[in-house]
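To keep things clear, I will list the structure first and then write my remarks on it.
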Amino acid sequence: MTNRLIFESKEFNEFGKLDIKTLIQLERQKQSKDITPDHLIGIGEGIYPNKNNYILATPKTFEIKEKPNFKLETEYFYAVNDSLVKVILYQWDYLQKTDTDFFEEENHTKKFKAFQTKFNNLTSKLTKEFGEPISKNIEQGKIKDETFRDDLKFKRADGMNAYLFMFGDDNNGYRQIRLAIYKD
């Protein structure tokens with residue numbers, strides 16, 4: 001699933017009217033793997049404020065490979081009472097090649113570059129879709145020997161919100177990108 005497809009998809013453009021059954025069908029069409037957990041998973045208020053106090057069901061969760069570098073996990077959090085999706089959380093993790101590659105220095109560099117490119121592409125698509133971010137916090141390069149978190153928040157006049165963030169730790173080669181989309 002490319003960035004372009006996220007922003008032109010039914011999930012994004014018909015937000016607020018989509019029920020979970022429709023999204024399950026869309027994921028099946030993409031041949032995503034259903035990895036929905038058996039236990040309830042919540043979403044933090046820092047990511048989704050849930051101003052209307054919806055009671056959310058265990059999110060339907062799907063996984064698909066986004067070659068060559070990423071595994072994309074998509075969680076659909078929906079309300080128990082009406083099955084309407086309230087927030088979509090995308091998570092990109094590195095698609096591990098082989099265990100031996102993982103520890104090589106040059107692979108860290110390649111991996112970091114892939115994540116930075118993905119983050120920049122998403123930022124550019126979100127800026128085009130929402131306008132300039134309403135808040136921006138970039139820690140990468142400012143914090144030494146610790147994990148960093150770069151994040152951007154976007155809000156459109158119609159109540160659509162996007163929250164993009166990337167975690168990283170240069171010491172162990174860790175990177176992860178998440179994007180939450182929700183409507184007030």
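Naming scheme: A, B, ... for chains in displayed order of the structure tokens; residues 1 onward per chain; ligands 1 onward as shown.
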Quiz item: Taking the backbone alone, and naming residues the way the document does, which bits of range 18-136 of chain A are strand (DSSP E) by DSSP, as JSON, numbers by chain?
Solution: {"A": [33, 34, 60, 61, 62, 63, 64, 65, 66, 70, 71, 72, 73, 74, 75, 76, 77, 78, 85, 86, 87, 88, 89, 90, 91, 92, 93, 94, 135, 136]}
Residues just named, written with N, CA and C atoms as a PDB file, in the first residue's frame:
ATOM      1  N   LYS A  33      -3.371  -9.714   5.801  1.00  0.00           N
ATOM      2  CA  LYS A  33      -3.517 -10.814   6.756  1.00  0.00           C
ATOM      3  C   LYS A  33      -4.207 -10.267   8.014  1.00  0.00           C
ATOM      4  N   ASP A  34      -5.278 -10.928   8.442  1.00  0.00           N
ATOM      5  CA  ASP A  34      -5.999 -10.509   9.645  1.00  0.00           C
ATOM      6  C   ASP A  34      -5.202 -10.973  10.867  1.00  0.00           C
ATOM      7  N   LYS A  60      -9.927  -4.168  14.741  1.00  0.00           N
ATOM      8  CA  LYS A  60      -9.620  -5.136  13.685  1.00  0.00           C
ATOM      9  C   LYS A  60      -8.242  -4.734  13.181  1.00  0.00           C
ATOM     10  N   THR A  61      -7.350  -5.685  13.107  1.00  0.00           N
ATOM     11  CA  THR A  61      -5.959  -5.389  12.775  1.00  0.00           C
ATOM     12  C   THR A  61      -5.506  -6.230  11.591  1.00  0.00           C
ATOM     13  N   PHE A  62      -4.873  -5.572  10.637  1.00  0.00           N
ATOM     14  CA  PHE A  62      -4.416  -6.243   9.422  1.00  0.00           C
ATOM     15  C   PHE A  62      -2.961  -5.909   9.162  1.00  0.00           C
ATOM     16  N   GLU A  63      -2.300  -6.840   8.472  1.00  0.00           N
ATOM     17  CA  GLU A  63      -0.888  -6.662   8.167  1.00  0.00           C
ATOM     18  C   GLU A  63      -0.672  -6.945   6.683  1.00  0.00           C
ATOM     19  N   ILE A  64       0.182  -6.145   6.080  1.00  0.00           N
ATOM     20  CA  ILE A  64       0.526  -6.356   4.673  1.00  0.00           C
ATOM     21  C   ILE A  64       1.981  -5.926   4.488  1.00  0.00           C
ATOM     22  N   LYS A  65       2.669  -6.590   3.595  1.00  0.00           N
ATOM     23  CA  LYS A  65       4.056  -6.214   3.314  1.00  0.00           C
ATOM     24  C   LYS A  65       4.057  -5.094   2.290  1.00  0.00           C
ATOM     25  N   GLU A  66       4.848  -4.071   2.581  1.00  0.00           N
ATOM     26  CA  GLU A  66       5.014  -2.936   1.681  1.00  0.00           C
ATOM     27  C   GLU A  66       6.467  -2.995   1.220  1.00  0.00           C
ATOM     28  N   PHE A  70       9.097  -2.354   4.229  1.00  0.00           N
ATOM     29  CA  PHE A  70       8.210  -2.232   5.378  1.00  0.00           C
ATOM     30  C   PHE A  70       7.142  -3.307   5.502  1.00  0.00           C
ATOM     31  N   LYS A  71       6.724  -3.453   6.759  1.00  0.00           N
ATOM     32  CA  LYS A  71       5.541  -4.234   7.106  1.00  0.00           C
ATOM     33  C   LYS A  71       4.572  -3.181   7.630  1.00  0.00           C
ATOM     34  N   LEU A  72       3.365  -3.130   7.046  1.00  0.00           N
ATOM     35  CA  LEU A  72       2.367  -2.142   7.466  1.00  0.00           C
ATOM     36  C   LEU A  72       1.261  -2.848   8.229  1.00  0.00           C
ATOM     37  N   GLU A  73       1.043  -2.384   9.447  1.00  0.00           N
ATOM     38  CA  GLU A  73      -0.047  -2.908  10.274  1.00  0.00           C
ATOM     39  C   GLU A  73      -1.088  -1.796  10.372  1.00  0.00           C
ATOM     40  N   THR A  74      -2.337  -2.134  10.122  1.00  0.00           N
ATOM     41  CA  THR A  74      -3.415  -1.147  10.188  1.00  0.00           C
ATOM     42  C   THR A  74      -4.422  -1.595  11.228  1.00  0.00           C
ATOM     43  N   GLU A  75      -4.708  -0.711  12.195  1.00  0.00           N
ATOM     44  CA  GLU A  75      -5.691  -1.000  13.238  1.00  0.00           C
ATOM     45  C   GLU A  75      -6.897  -0.080  13.038  1.00  0.00           C
ATOM     46  N   TYR A  76      -8.073  -0.703  12.995  1.00  0.00           N
ATOM     47  CA  TYR A  76      -9.318   0.052  12.857  1.00  0.00           C
ATOM     48  C   TYR A  76     -10.036   0.020  14.196  1.00  0.00           C
ATOM     49  N   PHE A  77     -10.036   1.152  14.885  1.00  0.00           N
ATOM     50  CA  PHE A  77     -10.751   1.258  16.161  1.00  0.00           C
ATOM     51  C   PHE A  77     -12.168   1.728  15.847  1.00  0.00           C
ATOM     52  N   TYR A  78     -13.144   0.957  16.299  1.00  0.00           N
ATOM     53  CA  TYR A  78     -14.536   1.300  15.977  1.00  0.00           C
ATOM     54  C   TYR A  78     -15.397   1.238  17.236  1.00  0.00           C
ATOM     55  N   VAL A  85     -16.061   3.242  12.279  1.00  0.00           N
ATOM     56  CA  VAL A  85     -14.646   3.407  12.595  1.00  0.00           C
ATOM     57  C   VAL A  85     -14.400   4.834  13.069  1.00  0.00           C
ATOM     58  N   LYS A  86     -13.729   4.955  14.205  1.00  0.00           N
ATOM     59  CA  LYS A  86     -13.465   6.264  14.801  1.00  0.00           C
ATOM     60  C   LYS A  86     -12.019   6.709  14.586  1.00  0.00           C
ATOM     61  N   VAL A  87     -11.113   5.755  14.489  1.00  0.00           N
ATOM     62  CA  VAL A  87      -9.699   6.090  14.260  1.00  0.00           C
ATOM     63  C   VAL A  87      -9.023   4.934  13.512  1.00  0.00           C
ATOM     64  N   ILE A  88      -8.156   5.310  12.581  1.00  0.00           N
ATOM     65  CA  ILE A  88      -7.340   4.319  11.876  1.00  0.00           C
ATOM     66  C   ILE A  88      -5.901   4.604  12.278  1.00  0.00           C
ATOM     67  N   LEU A  89      -5.212   3.567  12.725  1.00  0.00           N
ATOM     68  CA  LEU A  89      -3.821   3.703  13.136  1.00  0.00           C
ATOM     69  C   LEU A  89      -2.960   2.829  12.230  1.00  0.00           C
ATOM     70  N   TYR A  90      -2.101   3.484  11.455  1.00  0.00           N
ATOM     71  CA  TYR A  90      -1.163   2.782  10.575  1.00  0.00           C
ATOM     72  C   TYR A  90       0.177   2.704  11.302  1.00  0.00           C
ATOM     73  N   GLN A  91       0.851   1.564  11.176  1.00  0.00           N
ATOM     74  CA  GLN A  91       2.160   1.413  11.806  1.00  0.00           C
ATOM     75  C   GLN A  91       3.113   0.722  10.837  1.00  0.00           C
ATOM     76  N   TRP A  92       4.220   1.411  10.547  1.00  0.00           N
ATOM     77  CA  TRP A  92       5.236   0.846   9.666  1.00  0.00           C
ATOM     78  C   TRP A  92       6.415   0.366  10.486  1.00  0.00           C
ATOM     79  N   ASP A  93       6.759  -0.904  10.321  1.00  0.00           N
ATOM     80  CA  ASP A  93       7.942  -1.490  10.942  1.00  0.00           C
ATOM     81  C   ASP A  93       8.843  -1.990   9.835  1.00  0.00           C
ATOM     82  N   TYR A  94      10.108  -2.170  10.174  1.00  0.00           N
ATOM     83  CA  TYR A  94      11.066  -2.633   9.168  1.00  0.00           C
ATOM     84  C   TYR A  94      10.835  -4.096   8.857  1.00  0.00           C
ATOM     85  N   SER A 135       1.181  21.455  14.861  1.00  0.00           N
ATOM     86  CA  SER A 135       2.273  21.343  15.829  1.00  0.00           C
ATOM     87  C   SER A 135       3.333  20.424  15.253  1.00  0.00           C
ATOM     88  N   LYS A 136       4.580  20.732  15.611  1.00  0.00           N
ATOM     89  CA  LYS A 136       5.716  19.998  15.058  1.00  0.00           C
ATOM     90  C   LYS A 136       6.777  19.886  16.133  1.00  0.00           C
TER      91      LYS A 136
END
Compile the contact shell of Gly131 in chain A as a PDB file with N, CA, C and O atoms, in the first residue's frame: residues with an atom at most 12 Å away, counting only C-alpha atoms, same-chain residues fewer than 5 positions apart removed.
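Resulting contents of out-v2.pdb:
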ATOM      1  N   THR A 123       4.809  13.119   5.425  1.00  0.00           N
ATOM      2  CA  THR A 123       4.698  14.527   5.828  1.00  0.00           C
ATOM      3  C   THR A 123       4.245  15.376   4.644  1.00  0.00           C
ATOM      4  O   THR A 123       3.344  16.205   4.762  1.00  0.00           O
ATOM      5  N   SER A 124       4.851  15.128   3.498  1.00  0.00           N
ATOM      6  CA  SER A 124       4.515  15.899   2.310  1.00  0.00           C
ATOM      7  C   SER A 124       3.077  15.633   1.861  1.00  0.00           C
ATOM      8  O   SER A 124       2.346  16.573   1.523  1.00  0.00           O
ATOM      9  N   LYS A 125       2.639  14.371   1.896  1.00  0.00           N
ATOM     10  CA  LYS A 125       1.255  14.030   1.523  1.00  0.00           C
ATOM     11  C   LYS A 125       0.273  14.663   2.505  1.00  0.00           C
ATOM     12  O   LYS A 125      -0.769  15.174   2.107  1.00  0.00           O
ATOM     13  N   LEU A 126       0.583  14.599   3.795  1.00  0.00           N
ATOM     14  CA  LEU A 126      -0.306  15.172   4.813  1.00  0.00           C
ATOM     15  C   LEU A 126      -0.392  16.689   4.671  1.00  0.00           C
ATOM     16  O   LEU A 126      -1.461  17.273   4.816  1.00  0.00           O
ATOM     17  N   LEU A 152       4.264  15.236  14.182  1.00  0.00           N
ATOM     18  CA  LEU A 152       3.559  16.321  13.511  1.00  0.00           C
ATOM     19  C   LEU A 152       2.067  16.091  13.679  1.00  0.00           C
ATOM     20  O   LEU A 152       1.598  14.957  13.557  1.00  0.00           O
ATOM     21  N   LYS A 153       1.339  17.161  13.966  1.00  0.00           N
ATOM     22  CA  LYS A 153      -0.115  17.058  14.064  1.00  0.00           C
ATOM     23  C   LYS A 153      -0.731  17.983  13.024  1.00  0.00           C
ATOM     24  O   LYS A 153      -0.288  19.121  12.858  1.00  0.00           O
ATOM     25  N   PHE A 154      -1.752  17.448  12.355  1.00  0.00           N
ATOM     26  CA  PHE A 154      -2.448  18.186  11.312  1.00  0.00           C
ATOM     27  C   PHE A 154      -3.936  18.220  11.641  1.00  0.00           C
ATOM     28  O   PHE A 154      -4.454  17.291  12.237  1.00  0.00           O
ATOM     29  N   LYS A 155      -4.606  19.301  11.220  1.00  0.00           N
ATOM     30  CA  LYS A 155      -6.050  19.383  11.417  1.00  0.00           C
ATOM     31  C   LYS A 155      -6.648  20.162  10.255  1.00  0.00           C
ATOM     32  O   LYS A 155      -6.152  21.223   9.892  1.00  0.00           O
ATOM     33  N   ARG A 156      -7.711  19.586   9.693  1.00  0.00           N
ATOM     34  CA  ARG A 156      -8.415  20.239   8.595  1.00  0.00           C
ATOM     35  C   ARG A 156      -9.660  20.922   9.125  1.00  0.00           C
ATOM     36  O   ARG A 156     -10.194  20.537  10.165  1.00  0.00           O
ATOM     37  N   ALA A 157     -10.156  21.888   8.385  1.00  0.00           N
ATOM     38  CA  ALA A 157     -11.353  22.636   8.782  1.00  0.00           C
ATOM     39  C   ALA A 157     -12.566  21.735   8.988  1.00  0.00           C
ATOM     40  O   ALA A 157     -13.424  22.017   9.815  1.00  0.00           O
ATOM     41  N   MET A 160     -11.132  16.675  10.341  1.00  0.00           N
ATOM     42  CA  MET A 160     -10.201  15.554  10.157  1.00  0.00           C
ATOM     43  C   MET A 160      -8.879  15.894  10.821  1.00  0.00           C
ATOM     44  O   MET A 160      -8.401  17.024  10.723  1.00  0.00           O
ATOM     45  N   ASN A 161      -8.313  14.905  11.494  1.00  0.00           N
ATOM     46  CA  ASN A 161      -7.033  15.055  12.170  1.00  0.00           C
ATOM     47  C   ASN A 161      -6.071  13.978  11.692  1.00  0.00           C
ATOM     48  O   ASN A 161      -6.490  12.857  11.404  1.00  0.00           O
ATOM     49  N   ALA A 162      -4.806  14.324  11.657  1.00  0.00           N
ATOM     50  CA  ALA A 162      -3.767  13.340  11.377  1.00  0.00           C
ATOM     51  C   ALA A 162      -2.636  13.595  12.353  1.00  0.00           C
ATOM     52  O   ALA A 162      -2.275  14.750  12.623  1.00  0.00           O
TER      53      ALA A 162
END
Self-check item: Distance in Å - CA of Pro68 in chain A versus CA of Leu122 in chain A
Solution: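 Separation of CA of Pro68 in chain A and CA of Leu122 in chain A: 16.8 Å.
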Practice problem: Pick out the closest residue to Tyr48 in chain A from this set: A:Arg28, A:Leu164, A:Gln176, A:Ser83. Count only C-alpha atoms. | Solution: A:Leu164
Quiz item: Separation of CA of Tyr182 in chain A and CA of Leu84 in chain A, in Å?
Solution: 11.6 Å
Practice problem: Pick out the closest residue to Tyr174 in chain A from this set: A:Thr117, A:His108, A:Phe130, A:Gly42. Count only C-alpha atoms. | Solution: A:His108
Practice problem: Write out as an NGL selection string each polymer residue whose atoms come within 12 Å of Asn52 in chain A, counting only C-alpha atoms; drop sequence neighbours fewer than 5 positions from it. | Solution: :A and (45 or 79 or 86 or 183-184)
Would you write out those residues with C-alpha atoms, as an mmCIF file, in the first residue's frame?
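Generated output (out.cif):
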data_model
loop_
_atom_site.group_PDB
_atom_site.id
_atom_site.type_symbol
_atom_site.label_atom_id
_atom_site.label_comp_id
_atom_site.auth_asym_id
_atom_site.auth_seq_id
_atom_site.Cartn_x
_atom_site.Cartn_y
_atom_site.Cartn_z
ATOM 1 C CA GLU A 45 -5.566 9.811 24.525
ATOM 2 C CA ALA A 79 -17.414 2.076 18.315
ATOM 3 C CA LYS A 86 -13.465 6.264 14.801
ATOM 4 C CA LYS A 183 -12.318 12.970 12.946
ATOM 5 C CA ASP A 184 -13.332 15.103 15.952
#
Exercise. Check the DSSP output for the backbone and give back, as JSON, numbers by chain, the residues of chain A in alpha helix (DSSP H).
Key: {"A": [3, 4, 5, 6, 7, 8, 10, 11, 12, 13, 20, 21, 22, 23, 24, 25, 26, 27, 28, 29, 99, 100, 101, 102, 105, 106, 107, 108, 109, 110, 111, 112, 113, 114, 115, 116, 117, 118, 119, 120, 121, 122, 123, 124, 125, 126, 127, 128, 129, 130]}
Quiz prompt | Computed interatomic separation between CA of Lys67 in chain A and CA of Asn172 in chain A (Å) | solution =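 Value for the CA of Lys67 in chain A-CA of Asn172 in chain A distance: 22.7 Å.
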Quiz prompt | Test item: residues at most 12 Å from Asn171 in chain A, only C-alpha atoms, excluding those fewer than 4 positions along its chain, as JSON, numbers by chain | solution = {"A": [103, 105, 108, 109, 112, 143, 144, 145, 146, 147, 148, 175]}
How would the residues just picked look written out with C-alpha atoms as a compact mmCIF listing (two decimals), in the first residue's frame?
# COMPACT_ATOMS: atom_id res chain seq x y z
CA PHE A 103 23.49 -6.07 13.08
CA GLU A 105 26.36 -0.85 10.58
CA HIS A 108 21.35 0.65 10.06
CA THR A 109 22.18 3.53 7.74
CA PHE A 112 17.35 4.86 8.83
CA ILE A 143 18.91 13.92 21.77
CA LYS A 144 22.05 11.85 22.15
CA ASP A 145 22.09 8.20 23.28
CA GLU A 146 18.36 8.04 23.85
CA THR A 147 15.23 7.28 21.92
CA PHE A 148 13.73 10.16 20.00
CA ARG A 175 12.72 2.83 13.92
